[in-house]
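The block underneath contains the structure these notes are about, expressed in structure tokens.
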Amino acid sequence: MRHWLSATAGVVVAITVYFIGASAWAQQPPQQQQPPQQPGQQPPQGVQTQPGSPIDERPPLPAPIPVATPYPLELFGLLGPPPRGIVLVPAIAISEEWVDNIFLSETSKESDFITTFTPSLSLYANRPRYRLIAGASVSAELYANHSELNNGFGRSSFLLAGDFNATPQLILRISDTLAVDRNTTTTNTFSTGRQLSLTNSLTPGLRWQITPQSSMDASATYTTRRFFDSGSGANSDDYTAQIDYLYGFTRRFTGIVGYGFTYLDLSNQQNSTTHTPTVGFSYLLLPGLSVNIRGGPAITEIGGDTFISPAGSAGFTWNFRSGTLSAQYSRNVAVAGGFGGSTDEQVASATLVMPTWIRDLTFLISPSYTKSKSLDSSQPTQVDVQAYRVSLGVAYRISRYVSAFGGYEFVHQVTGRESTTQANADQNRVRVGIQLGYPISLD
């Protein structure tokens, strides 16, 4: 628990420093006025301005969560349109959840009802030069049949996403996601059973508009995974960096040249270093609808041996009046959650977010498929696992102070015979609740 408190304190301090700094910077007179975009929306790359005109497209907030991770329903309001100004929302939620396999057992499933009490705190800062959304929640859980599992810190979540217009050509970004839970399906792509785990991913980045036709995106990500108590989860630290140069040949077609670096620091396994040069393009099919394709070799060194595997991504993003629809396929070298290892990971996912489809209603659905297999077959620890997931969530604001929410999650995981850790599992989770919040304007 000390590890969790230290991690939480660290990210809270980071928010405070970032927000105070952004507020100070914002005292400077803004050089351009642009309407903020809804969090999670991904406008197409390659929409260029006319030569000599000011930049008229503001990149979105970084997506606050990976699509394969369930969104915490108590913080579902962060997906909706942010209020103007600076608003702090303390809230308390009460929910009832049914889980059909609480121990994630393959052979003897046990279901239970869980009553959850969740205090939370959300922050919105929506200014012409900077935006910030942040939310933190801690849940206490009461089990109907397995009272030995009752605890005051059943699950905890923290989300942060923000950007700041440093100059008309330079935009700084930051995002952070922290998840703590005893159900490893909610903190990692793959489940290693019922075990207390912590996953935190911090990503600072920037976009530099070099000329009206060319720009550069750069980001670095640090992800840590920690597993406590008894269990098979393997600790790991991921260090990744990505830099892309984009050039708009036309208003619709943009070429992309990129380089990615990944260093995986693995517990009780050999570390690895991966270099990934890529080339690709994005194409604007229609206003709001773009496709992107990129690819290249992933050159990985493990214990003095070099492995070359395909890497890249392909997908589309459609921004429409009521929300965003995106689908993506990616392949790269990554850690397989609590299984550890340097693996060839393939992810196919889709996400539909509709924060303005019906007034005061926010809707999200995200199916995904993930497969990971060890790059080096000679390693003593082998990974061969695949998982199917469907996450669905909905929140409805009944009044300014009261919201109702509900969600469903399905996870099906299969490990191959070559996998050192065998963790086949199925789990269905259904949850409904009500949240009371009081918005406080800090302007």
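Simple scheme: letters A, B, ... for chains in structure tokens order, numbers from 1 for residues in each chain, numbers from 1 for ligands in the order shown.
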Within 9 Å of Ala179 in chain A using only C-alpha atoms, minus same-chain residues under 3 positions, as number ranges by chain: A: 155-159, 186-188, 197-200
Once you have the residues from the selection above, write them out as a compact mmCIF listing (two decimals), in the first residue's frame, restricted to N, CA and C atoms.
# COMPACT_ATOMS: atom_id res chain seq x y z
N ARG A 155 -10.26 -0.42 -5.48
CA ARG A 155 -9.70 0.01 -6.75
C ARG A 155 -9.49 1.51 -6.70
N SER A 156 -8.50 1.98 -7.42
CA SER A 156 -8.19 3.40 -7.48
C SER A 156 -7.81 3.76 -8.90
N SER A 157 -8.16 4.97 -9.30
CA SER A 157 -7.86 5.42 -10.66
C SER A 157 -7.46 6.88 -10.64
N PHE A 158 -6.61 7.23 -11.61
CA PHE A 158 -6.22 8.61 -11.80
C PHE A 158 -6.03 8.85 -13.29
N LEU A 159 -6.59 9.96 -13.80
CA LEU A 159 -6.46 10.32 -15.20
C LEU A 159 -6.07 11.79 -15.32
N THR A 186 -8.32 -5.15 -15.08
CA THR A 186 -8.61 -3.72 -15.16
C THR A 186 -7.35 -2.87 -15.16
N THR A 187 -6.20 -3.44 -14.82
CA THR A 187 -4.97 -2.66 -14.77
C THR A 187 -3.99 -3.03 -15.87
N ASN A 188 -4.22 -4.13 -16.56
CA ASN A 188 -3.30 -4.58 -17.60
C ASN A 188 -4.08 -5.15 -18.77
N SER A 197 -2.35 -4.99 -8.08
CA SER A 197 -1.39 -4.51 -9.07
C SER A 197 -1.56 -3.02 -9.29
N LEU A 198 -0.49 -2.41 -9.74
CA LEU A 198 -0.46 -0.98 -10.06
C LEU A 198 0.16 -0.79 -11.43
N THR A 199 -0.49 -0.02 -12.26
CA THR A 199 0.04 0.35 -13.57
C THR A 199 -0.08 1.85 -13.75
N ASN A 200 1.03 2.49 -14.09
CA ASN A 200 1.01 3.93 -14.33
C ASN A 200 1.76 4.23 -15.62
Excluding range 245-259 of chain A and residues on its chain fewer than 3 positions from it, collect all residues at most 6 Å away from it, counting only C-alpha atoms, and give them as a ChimeraX atom specification. /A:46-48,213-216,242,276-284
Given the selection you just returned, output its residues as a file containing N, CA and C atoms, formatted as a compact mmCIF listing (two decimals), in the first residue's frame.
# COMPACT_ATOMS: atom_id res chain seq x y z
N GLY A 46 -2.63 16.03 -41.21
CA GLY A 46 -2.43 16.40 -42.60
C GLY A 46 -3.38 17.46 -43.10
N VAL A 47 -4.30 17.96 -42.26
CA VAL A 47 -5.13 19.07 -42.71
C VAL A 47 -4.30 20.33 -42.59
N GLN A 48 -3.90 20.89 -43.70
CA GLN A 48 -2.96 21.98 -43.71
C GLN A 48 -3.67 23.33 -43.86
N GLN A 213 3.23 23.70 -44.16
CA GLN A 213 3.11 22.36 -44.74
C GLN A 213 3.74 21.27 -43.89
N SER A 214 4.63 21.58 -42.97
CA SER A 214 5.38 20.55 -42.25
C SER A 214 5.25 20.74 -40.75
N SER A 215 5.30 19.62 -40.03
CA SER A 215 5.20 19.65 -38.57
C SER A 215 5.95 18.46 -38.00
N MET A 216 6.16 18.50 -36.69
CA MET A 216 6.84 17.41 -36.00
C MET A 216 6.06 17.07 -34.73
N GLN A 242 8.98 8.42 -29.37
CA GLN A 242 8.54 8.43 -30.76
C GLN A 242 8.65 9.84 -31.31
N THR A 276 12.71 1.26 -34.17
CA THR A 276 11.65 1.07 -35.16
C THR A 276 11.56 2.28 -36.08
N PRO A 277 12.24 2.25 -37.23
CA PRO A 277 12.02 3.29 -38.23
C PRO A 277 10.76 2.98 -39.04
N THR A 278 9.96 4.01 -39.32
CA THR A 278 8.71 3.79 -40.05
C THR A 278 8.50 4.86 -41.11
N VAL A 279 7.74 4.51 -42.12
CA VAL A 279 7.26 5.47 -43.11
C VAL A 279 5.77 5.22 -43.30
N GLY A 280 5.05 6.26 -43.68
CA GLY A 280 3.62 6.09 -43.87
C GLY A 280 2.97 7.35 -44.37
N PHE A 281 1.64 7.37 -44.27
CA PHE A 281 0.90 8.53 -44.74
C PHE A 281 -0.44 8.59 -44.05
N SER A 282 -1.05 9.77 -44.10
CA SER A 282 -2.44 9.93 -43.71
C SER A 282 -3.17 10.61 -44.86
N TYR A 283 -4.45 10.25 -45.02
CA TYR A 283 -5.21 10.79 -46.14
C TYR A 283 -6.59 11.19 -45.65
N LEU A 284 -6.98 12.41 -45.97
CA LEU A 284 -8.28 12.93 -45.58
C LEU A 284 -9.31 12.54 -46.64
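You will find CA of Pro355 in chain A at 20.3 Å from CA of Ser175 in chain A.
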Which residues come within 9 Å of Ser137 in chain A, counting only C-alpha atoms, excluding same-chain residues fewer than 2 positions away, as a PyMOL selection string? chain A and resi 72+74-75+118-122+135+139+155-158
Could you save the residues just selected, with N, CA and C atoms, as a short mmCIF file (atom, residue, chain, number, x, y, z; two decimals), in the first residue's frame?
data_model
loop_
_atom_site.label_atom_id
_atom_site.label_comp_id
_atom_site.auth_asym_id
_atom_site.auth_seq_id
_atom_site.Cartn_x
_atom_site.Cartn_y
_atom_site.Cartn_z
N PRO A 72 -12.89 4.00 -15.96
CA PRO A 72 -13.56 4.04 -14.65
C PRO A 72 -14.86 4.84 -14.75
N GLU A 74 -16.82 6.12 -12.60
CA GLU A 74 -16.97 7.29 -11.74
C GLU A 74 -16.37 8.55 -12.37
N LEU A 75 -15.43 8.36 -13.32
CA LEU A 75 -14.81 9.49 -13.99
C LEU A 75 -15.28 9.61 -15.44
N THR A 118 -17.55 5.17 -3.81
CA THR A 118 -16.42 5.77 -4.51
C THR A 118 -16.43 7.29 -4.41
N PRO A 119 -15.63 7.86 -3.51
CA PRO A 119 -15.42 9.32 -3.59
C PRO A 119 -14.48 9.63 -4.74
N SER A 120 -14.70 10.76 -5.41
CA SER A 120 -13.87 11.13 -6.54
C SER A 120 -13.72 12.64 -6.60
N LEU A 121 -12.75 13.06 -7.38
CA LEU A 121 -12.49 14.48 -7.57
C LEU A 121 -12.10 14.71 -9.02
N SER A 122 -12.80 15.61 -9.70
CA SER A 122 -12.53 15.92 -11.10
C SER A 122 -12.20 17.40 -11.24
N GLY A 135 -8.84 13.57 -13.06
CA GLY A 135 -9.78 12.92 -12.17
C GLY A 135 -9.12 11.85 -11.34
N SER A 139 -12.10 3.54 -4.30
CA SER A 139 -13.33 2.80 -4.03
C SER A 139 -13.18 1.86 -2.84
N ARG A 155 -10.26 -0.42 -5.48
CA ARG A 155 -9.70 0.01 -6.75
C ARG A 155 -9.49 1.51 -6.70
N SER A 156 -8.50 1.98 -7.42
CA SER A 156 -8.19 3.40 -7.48
C SER A 156 -7.81 3.76 -8.90
N SER A 157 -8.16 4.97 -9.30
CA SER A 157 -7.86 5.42 -10.66
C SER A 157 -7.46 6.88 -10.64
N PHE A 158 -6.61 7.23 -11.61
CA PHE A 158 -6.22 8.61 -11.80
C PHE A 158 -6.03 8.85 -13.29
#
Counting only C-alpha atoms, what is within 6 Å of Gly312 in chain A, bar same-chain residues fewer than 5 positions away, as a PyMOL selection string? chain A and resi 294-295+330-331
Please provide the set of residues having any atom within 9 Å of range 302-306 of chain A, restricted to only C-alpha atoms, with same-chain residues fewer than 3 positions apart removed, written as a ChimeraX atom specification. /A:270-273,299,342,376
How far is it from CA of Asp100 in chain A to CA of Ile114 in chain A, in Å with one decimal? 11.1 Å
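Between CA of Leu88 in chain A and CA of Arg182 in chain A the interatomic distance comes to 28.8 Å.
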Would you mind listing what lies within 8 Å of range 399-413 of chain A as a PDB file with N, CA and C atoms, in the first residue's frame, with only C-alpha atoms counted and same-chain residues fewer than 6 positions away left out?
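Generated output (out.pdb):
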ATOM      1  N   PRO A  70     -10.608  -0.770 -19.404  1.00  0.00           N
ATOM      2  CA  PRO A  70     -11.928  -0.262 -19.048  1.00  0.00           C
ATOM      3  C   PRO A  70     -11.838   1.132 -18.460  1.00  0.00           C
ATOM      4  N   LEU A  73     -15.965   4.210 -14.437  1.00  0.00           N
ATOM      5  CA  LEU A  73     -17.269   4.834 -14.641  1.00  0.00           C
ATOM      6  C   LEU A  73     -17.459   6.070 -13.768  1.00  0.00           C
ATOM      7  N   GLU A  74     -16.816   6.118 -12.597  1.00  0.00           N
ATOM      8  CA  GLU A  74     -16.967   7.287 -11.736  1.00  0.00           C
ATOM      9  C   GLU A  74     -16.370   8.549 -12.370  1.00  0.00           C
ATOM     10  N   THR A 185      -7.386  -7.685 -14.704  1.00  0.00           N
ATOM     11  CA  THR A 185      -7.958  -7.378 -16.018  1.00  0.00           C
ATOM     12  C   THR A 185      -8.209  -5.878 -16.179  1.00  0.00           C
ATOM     13  N   PHE A 190      -3.529  -7.961 -20.211  1.00  0.00           N
ATOM     14  CA  PHE A 190      -3.788  -9.369 -19.931  1.00  0.00           C
ATOM     15  C   PHE A 190      -3.939  -9.580 -18.434  1.00  0.00           C
ATOM     16  N   SER A 191      -4.737 -10.593 -18.069  1.00  0.00           N
ATOM     17  CA  SER A 191      -4.989 -10.900 -16.673  1.00  0.00           C
ATOM     18  C   SER A 191      -4.055 -11.989 -16.176  1.00  0.00           C
ATOM     19  N   VAL A 385      -0.153 -15.563 -25.452  1.00  0.00           N
ATOM     20  CA  VAL A 385      -1.455 -15.262 -24.864  1.00  0.00           C
ATOM     21  C   VAL A 385      -2.235 -14.362 -25.807  1.00  0.00           C
ATOM     22  N   GLN A 386      -3.545 -14.524 -25.778  1.00  0.00           N
ATOM     23  CA  GLN A 386      -4.428 -13.659 -26.549  1.00  0.00           C
ATOM     24  C   GLN A 386      -5.686 -13.392 -25.729  1.00  0.00           C
ATOM     25  N   ALA A 387      -6.227 -12.184 -25.919  1.00  0.00           N
ATOM     26  CA  ALA A 387      -7.387 -11.786 -25.125  1.00  0.00           C
ATOM     27  C   ALA A 387      -8.380 -11.020 -25.981  1.00  0.00           C
ATOM     28  N   TYR A 388      -9.659 -11.290 -25.735  1.00  0.00           N
ATOM     29  CA  TYR A 388     -10.763 -10.565 -26.355  1.00  0.00           C
ATOM     30  C   TYR A 388     -11.443  -9.756 -25.258  1.00  0.00           C
ATOM     31  N   ARG A 389     -11.810  -8.533 -25.590  1.00  0.00           N
ATOM     32  CA  ARG A 389     -12.422  -7.667 -24.578  1.00  0.00           C
ATOM     33  C   ARG A 389     -13.496  -6.794 -25.223  1.00  0.00           C
ATOM     34  N   VAL A 390     -14.575  -6.592 -24.486  1.00  0.00           N
ATOM     35  CA  VAL A 390     -15.603  -5.640 -24.887  1.00  0.00           C
ATOM     36  C   VAL A 390     -15.927  -4.789 -23.666  1.00  0.00           C
ATOM     37  N   SER A 391     -15.798  -3.489 -23.817  1.00  0.00           N
ATOM     38  CA  SER A 391     -16.124  -2.562 -22.733  1.00  0.00           C
ATOM     39  C   SER A 391     -17.220  -1.618 -23.211  1.00  0.00           C
ATOM     40  N   LEU A 392     -18.221  -1.428 -22.377  1.00  0.00           N
ATOM     41  CA  LEU A 392     -19.336  -0.543 -22.703  1.00  0.00           C
ATOM     42  C   LEU A 392     -19.656   0.286 -21.476  1.00  0.00           C
ATOM     43  N   GLY A 393     -19.861   1.571 -21.683  1.00  0.00           N
ATOM     44  CA  GLY A 393     -20.194   2.447 -20.570  1.00  0.00           C
ATOM     45  C   GLY A 393     -21.149   3.535 -21.000  1.00  0.00           C
ATOM     46  N   ALA A 423      -2.882 -18.866 -17.763  1.00  0.00           N
ATOM     47  CA  ALA A 423      -3.905 -18.026 -17.118  1.00  0.00           C
ATOM     48  C   ALA A 423      -5.073 -17.834 -18.063  1.00  0.00           C
ATOM     49  N   ASN A 424      -5.792 -18.930 -18.328  1.00  0.00           N
ATOM     50  CA  ASN A 424      -7.022 -18.818 -19.116  1.00  0.00           C
ATOM     51  C   ASN A 424      -8.140 -18.294 -18.209  1.00  0.00           C
ATOM     52  N   ALA A 425      -8.964 -17.415 -18.732  1.00  0.00           N
ATOM     53  CA  ALA A 425     -10.000 -16.842 -17.879  1.00  0.00           C
ATOM     54  C   ALA A 425     -11.108 -16.241 -18.721  1.00  0.00           C
ATOM     55  N   ASP A 426     -12.315 -16.263 -18.158  1.00  0.00           N
ATOM     56  CA  ASP A 426     -13.469 -15.547 -18.688  1.00  0.00           C
ATOM     57  C   ASP A 426     -14.053 -14.743 -17.540  1.00  0.00           C
ATOM     58  N   GLN A 427     -14.527 -13.546 -17.858  1.00  0.00           N
ATOM     59  CA  GLN A 427     -15.173 -12.757 -16.815  1.00  0.00           C
ATOM     60  C   GLN A 427     -16.186 -11.809 -17.427  1.00  0.00           C
ATOM     61  N   ASN A 428     -17.364 -11.749 -16.820  1.00  0.00           N
ATOM     62  CA  ASN A 428     -18.394 -10.776 -17.157  1.00  0.00           C
ATOM     63  C   ASN A 428     -18.629  -9.887 -15.942  1.00  0.00           C
ATOM     64  N   ARG A 429     -18.709  -8.585 -16.185  1.00  0.00           N
ATOM     65  CA  ARG A 429     -18.962  -7.629 -15.111  1.00  0.00           C
ATOM     66  C   ARG A 429     -20.073  -6.674 -15.557  1.00  0.00           C
ATOM     67  N   VAL A 430     -21.085  -6.528 -14.712  1.00  0.00           N
ATOM     68  CA  VAL A 430     -22.182  -5.603 -14.972  1.00  0.00           C
ATOM     69  C   VAL A 430     -22.292  -4.671 -13.769  1.00  0.00           C
ATOM     70  N   ARG A 431     -22.395  -3.368 -14.052  1.00  0.00           N
ATOM     71  CA  ARG A 431     -22.364  -2.405 -12.952  1.00  0.00           C
ATOM     72  C   ARG A 431     -23.314  -1.246 -13.222  1.00  0.00           C
ATOM     73  N   VAL A 432     -24.073  -0.842 -12.206  1.00  0.00           N
ATOM     74  CA  VAL A 432     -24.941   0.331 -12.287  1.00  0.00           C
ATOM     75  C   VAL A 432     -24.764   1.125 -11.012  1.00  0.00           C
ATOM     76  N   GLY A 433     -24.936   2.449 -11.127  1.00  0.00           N
ATOM     77  CA  GLY A 433     -24.767   3.273  -9.936  1.00  0.00           C
ATOM     78  C   GLY A 433     -25.274   4.677 -10.135  1.00  0.00           C
ATOM     79  N   ILE A 434     -25.163   5.450  -9.078  1.00  0.00           N
ATOM     80  CA  ILE A 434     -25.567   6.849  -9.100  1.00  0.00           C
ATOM     81  C   ILE A 434     -24.469   7.676  -8.439  1.00  0.00           C
ATOM     82  N   GLN A 435     -24.250   8.874  -8.962  1.00  0.00           N
ATOM     83  CA  GLN A 435     -23.173   9.725  -8.476  1.00  0.00           C
ATOM     84  C   GLN A 435     -23.717  11.101  -8.127  1.00  0.00           C
ATOM     85  N   LEU A 436     -23.335  11.603  -6.959  1.00  0.00           N
ATOM     86  CA  LEU A 436     -23.701  12.939  -6.508  1.00  0.00           C
ATOM     87  C   LEU A 436     -22.458  13.812  -6.535  1.00  0.00           C
ATOM     88  N   GLY A 437     -22.515  14.916  -7.244  1.00  0.00           N
ATOM     89  CA  GLY A 437     -21.374  15.803  -7.360  1.00  0.00           C
ATOM     90  C   GLY A 437     -21.777  17.255  -7.233  1.00  0.00           C
ATOM     91  N   TYR A 438     -20.831  18.080  -6.801  1.00  0.00           N
ATOM     92  CA  TYR A 438     -21.119  19.499  -6.635  1.00  0.00           C
ATOM     93  C   TYR A 438     -20.047  20.305  -7.375  1.00  0.00           C
ATOM     94  N   PRO A 439     -20.360  20.874  -8.542  1.00  0.00           N
ATOM     95  CA  PRO A 439     -19.357  21.646  -9.279  1.00  0.00           C
ATOM     96  C   PRO A 439     -19.041  22.970  -8.590  1.00  0.00           C
TER      97      PRO A 439
END
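Of the residues under consideration (A:Tyr369, A:Phe113, A:Phe103, A:Phe363), A:Phe363 shows the shortest atom-to-atom contact distance to Arg397 in chain A when counting only C-alpha atoms.
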When DSSP is applied to the backbone of this structure, which of range 82-256 of chain A are assigned strand (DSSP E)? Write them out as a PDB file with C-alpha atoms, in the first residue's frame.
ATOM      1  CA  GLY A  85     -13.369  28.154 -17.167  1.00  0.00           C
ATOM      2  CA  ILE A  86     -11.927  26.204 -14.241  1.00  0.00           C
ATOM      3  CA  VAL A  87     -14.290  23.852 -12.422  1.00  0.00           C
ATOM      4  CA  LEU A  88     -13.621  21.431  -9.557  1.00  0.00           C
ATOM      5  CA  VAL A  89     -16.157  18.641  -8.957  1.00  0.00           C
ATOM      6  CA  PRO A  90     -15.993  16.598  -5.729  1.00  0.00           C
ATOM      7  CA  ALA A  91     -18.403  13.657  -5.900  1.00  0.00           C
ATOM      8  CA  ILE A  92     -19.493  10.437  -4.228  1.00  0.00           C
ATOM      9  CA  ALA A  93     -20.840   7.408  -6.092  1.00  0.00           C
ATOM     10  CA  ILE A  94     -22.699   4.320  -4.918  1.00  0.00           C
ATOM     11  CA  SER A  95     -22.908   1.341  -7.260  1.00  0.00           C
ATOM     12  CA  GLU A  96     -23.832  -2.307  -7.411  1.00  0.00           C
ATOM     13  CA  GLU A  97     -21.797  -4.727  -9.485  1.00  0.00           C
ATOM     14  CA  TRP A  98     -22.240  -8.358 -10.450  1.00  0.00           C
ATOM     15  CA  VAL A  99     -19.158 -10.382 -11.367  1.00  0.00           C
ATOM     16  CA  ASP A 112     -20.730 -12.317  -6.302  1.00  0.00           C
ATOM     17  CA  PHE A 113     -22.442  -8.955  -5.895  1.00  0.00           C
ATOM     18  CA  ILE A 114     -20.207  -6.043  -4.902  1.00  0.00           C
ATOM     19  CA  THR A 115     -21.443  -2.811  -3.352  1.00  0.00           C
ATOM     20  CA  THR A 116     -18.999   0.015  -4.014  1.00  0.00           C
ATOM     21  CA  PHE A 117     -18.634   3.473  -2.446  1.00  0.00           C
ATOM     22  CA  THR A 118     -16.417   5.775  -4.510  1.00  0.00           C
ATOM     23  CA  PRO A 119     -15.415   9.316  -3.586  1.00  0.00           C
ATOM     24  CA  SER A 120     -13.867  11.130  -6.543  1.00  0.00           C
ATOM     25  CA  LEU A 121     -12.490  14.482  -7.568  1.00  0.00           C
ATOM     26  CA  SER A 122     -12.532  15.921 -11.102  1.00  0.00           C
ATOM     27  CA  LEU A 123     -10.895  19.069 -12.414  1.00  0.00           C
ATOM     28  CA  TYR A 124     -11.625  20.895 -15.673  1.00  0.00           C
ATOM     29  CA  ALA A 125      -9.572  23.822 -16.939  1.00  0.00           C
ATOM     30  CA  ASN A 126     -10.762  25.137 -20.286  1.00  0.00           C
ATOM     31  CA  TYR A 130      -4.504  25.701 -22.262  1.00  0.00           C
ATOM     32  CA  ARG A 131      -6.809  22.847 -21.340  1.00  0.00           C
ATOM     33  CA  LEU A 132      -6.637  20.285 -18.574  1.00  0.00           C
ATOM     34  CA  ILE A 133      -8.868  17.469 -17.408  1.00  0.00           C
ATOM     35  CA  ALA A 134      -7.977  15.383 -14.373  1.00  0.00           C
ATOM     36  CA  GLY A 135      -9.784  12.924 -12.169  1.00  0.00           C
ATOM     37  CA  ALA A 136      -9.022  10.688  -9.199  1.00  0.00           C
ATOM     38  CA  SER A 137     -11.165   8.094  -7.443  1.00  0.00           C
ATOM     39  CA  VAL A 138     -10.796   5.567  -4.625  1.00  0.00           C
ATOM     40  CA  SER A 139     -13.331   2.799  -4.027  1.00  0.00           C
ATOM     41  CA  ALA A 140     -14.351   0.798  -0.972  1.00  0.00           C
ATOM     42  CA  GLU A 141     -15.903  -2.601  -1.753  1.00  0.00           C
ATOM     43  CA  LEU A 142     -18.347  -4.795   0.172  1.00  0.00           C
ATOM     44  CA  TYR A 143     -18.882  -8.365  -1.118  1.00  0.00           C
ATOM     45  CA  ASN A 151     -11.572  -3.668   1.694  1.00  0.00           C
ATOM     46  CA  GLY A 152     -11.407   0.085   1.892  1.00  0.00           C
ATOM     47  CA  PHE A 153      -9.215   0.437  -1.198  1.00  0.00           C
ATOM     48  CA  GLY A 154     -10.685  -1.992  -3.697  1.00  0.00           C
ATOM     49  CA  ARG A 155      -9.701   0.009  -6.749  1.00  0.00           C
ATOM     50  CA  SER A 156      -8.193   3.403  -7.479  1.00  0.00           C
ATOM     51  CA  SER A 157      -7.865   5.418 -10.660  1.00  0.00           C
ATOM     52  CA  PHE A 158      -6.223   8.614 -11.802  1.00  0.00           C
ATOM     53  CA  LEU A 159      -6.462  10.320 -15.203  1.00  0.00           C
ATOM     54  CA  LEU A 160      -4.784  13.439 -16.530  1.00  0.00           C
ATOM     55  CA  ALA A 161      -4.754  14.988 -19.998  1.00  0.00           C
ATOM     56  CA  GLY A 162      -3.797  18.496 -21.006  1.00  0.00           C
ATOM     57  CA  ASP A 163      -2.214  20.732 -23.597  1.00  0.00           C
ATOM     58  CA  PHE A 164      -0.768  24.252 -23.633  1.00  0.00           C
ATOM     59  CA  ASN A 165      -0.238  26.638 -26.545  1.00  0.00           C
ATOM     60  CA  LEU A 170       4.312  24.977 -30.484  1.00  0.00           C
ATOM     61  CA  ILE A 171       1.846  22.979 -28.424  1.00  0.00           C
ATOM     62  CA  LEU A 172       2.917  21.052 -25.314  1.00  0.00           C
ATOM     63  CA  ARG A 173       0.981  18.019 -24.100  1.00  0.00           C
ATOM     64  CA  ILE A 174       0.880  15.769 -21.078  1.00  0.00           C
ATOM     65  CA  SER A 175      -1.141  12.700 -20.093  1.00  0.00           C
ATOM     66  CA  ASP A 176      -1.032  10.238 -17.228  1.00  0.00           C
ATOM     67  CA  THR A 177      -3.057   7.155 -16.334  1.00  0.00           C
ATOM     68  CA  LEU A 178      -2.843   5.326 -13.011  1.00  0.00           C
ATOM     69  CA  ALA A 179      -4.851   2.194 -12.158  1.00  0.00           C
ATOM     70  CA  VAL A 180      -4.710   0.172  -8.938  1.00  0.00           C
ATOM     71  CA  ASP A 181      -6.887  -2.899  -8.503  1.00  0.00           C
ATOM     72  CA  ARG A 182      -6.980  -6.470  -7.246  1.00  0.00           C
ATOM     73  CA  ASN A 183      -8.479  -7.567 -10.544  1.00  0.00           C
ATOM     74  CA  ARG A 194      -6.659 -11.845  -8.665  1.00  0.00           C
ATOM     75  CA  GLN A 195      -3.671  -9.927  -7.361  1.00  0.00           C
ATOM     76  CA  LEU A 196      -3.081  -6.357  -6.220  1.00  0.00           C
ATOM     77  CA  SER A 197      -1.390  -4.510  -9.074  1.00  0.00           C
ATOM     78  CA  LEU A 198      -0.461  -0.977 -10.059  1.00  0.00           C
ATOM     79  CA  THR A 199       0.039   0.348 -13.573  1.00  0.00           C
ATOM     80  CA  ASN A 200       1.011   3.931 -14.326  1.00  0.00           C
ATOM     81  CA  SER A 201       1.752   5.467 -17.727  1.00  0.00           C
ATOM     82  CA  LEU A 202       3.096   9.026 -18.090  1.00  0.00           C
ATOM     83  CA  THR A 203       3.418  10.680 -21.531  1.00  0.00           C
ATOM     84  CA  PRO A 204       4.712  14.202 -22.157  1.00  0.00           C
ATOM     85  CA  GLY A 205       4.789  15.335 -25.781  1.00  0.00           C
ATOM     86  CA  LEU A 206       4.730  18.236 -28.200  1.00  0.00           C
ATOM     87  CA  ARG A 207       3.642  19.297 -31.681  1.00  0.00           C
ATOM     88  CA  TRP A 208       5.755  21.824 -33.567  1.00  0.00           C
ATOM     89  CA  GLN A 209       4.343  23.402 -36.705  1.00  0.00           C
ATOM     90  CA  SER A 214       5.380  20.551 -42.248  1.00  0.00           C
ATOM     91  CA  SER A 215       5.203  19.651 -38.573  1.00  0.00           C
ATOM     92  CA  MET A 216       6.838  17.411 -35.997  1.00  0.00           C
ATOM     93  CA  ASP A 217       5.258  15.298 -33.274  1.00  0.00           C
ATOM     94  CA  ALA A 218       7.405  13.992 -30.431  1.00  0.00           C
ATOM     95  CA  SER A 219       6.516  12.091 -27.264  1.00  0.00           C
ATOM     96  CA  ALA A 220       8.077   9.950 -24.553  1.00  0.00           C
ATOM     97  CA  THR A 221       6.268   7.416 -22.378  1.00  0.00           C
ATOM     98  CA  TYR A 222       7.234   5.786 -19.110  1.00  0.00           C
ATOM     99  CA  THR A 223       5.061   2.875 -18.004  1.00  0.00           C
ATOM    100  CA  THR A 224       5.537   0.964 -14.782  1.00  0.00           C
ATOM    101  CA  ARG A 225       3.770  -2.227 -13.684  1.00  0.00           C
ATOM    102  CA  ARG A 226       3.969  -3.505 -10.133  1.00  0.00           C
ATOM    103  CA  PHE A 227       2.376  -6.609  -8.620  1.00  0.00           C
ATOM    104  CA  SER A 236       8.318  -4.257 -15.592  1.00  0.00           C
ATOM    105  CA  ASP A 237       9.266  -0.745 -16.682  1.00  0.00           C
ATOM    106  CA  ASP A 238       8.826   0.464 -20.274  1.00  0.00           C
ATOM    107  CA  TYR A 239      10.648   3.453 -21.743  1.00  0.00           C
ATOM    108  CA  THR A 240       9.499   4.518 -25.192  1.00  0.00           C
ATOM    109  CA  ALA A 241      10.069   7.534 -27.411  1.00  0.00           C
ATOM    110  CA  GLN A 242       8.536   8.427 -30.763  1.00  0.00           C
ATOM    111  CA  ILE A 243       9.322  11.244 -33.163  1.00  0.00           C
ATOM    112  CA  ASP A 244       7.480  11.851 -36.448  1.00  0.00           C
ATOM    113  CA  TYR A 245       8.012  14.335 -39.228  1.00  0.00           C
ATOM    114  CA  LEU A 246       4.884  15.129 -41.237  1.00  0.00           C
ATOM    115  CA  TYR A 247       4.750  16.911 -44.578  1.00  0.00           C
ATOM    116  CA  GLY A 248       1.528  17.893 -46.297  1.00  0.00           C
ATOM    117  CA  PHE A 253      -2.350  13.794 -48.347  1.00  0.00           C
ATOM    118  CA  THR A 254       0.389  13.904 -45.690  1.00  0.00           C
ATOM    119  CA  GLY A 255       3.580  11.850 -45.703  1.00  0.00           C
ATOM    120  CA  ILE A 256       5.035  10.621 -42.392  1.00  0.00           C
TER     121      ILE A 256
END
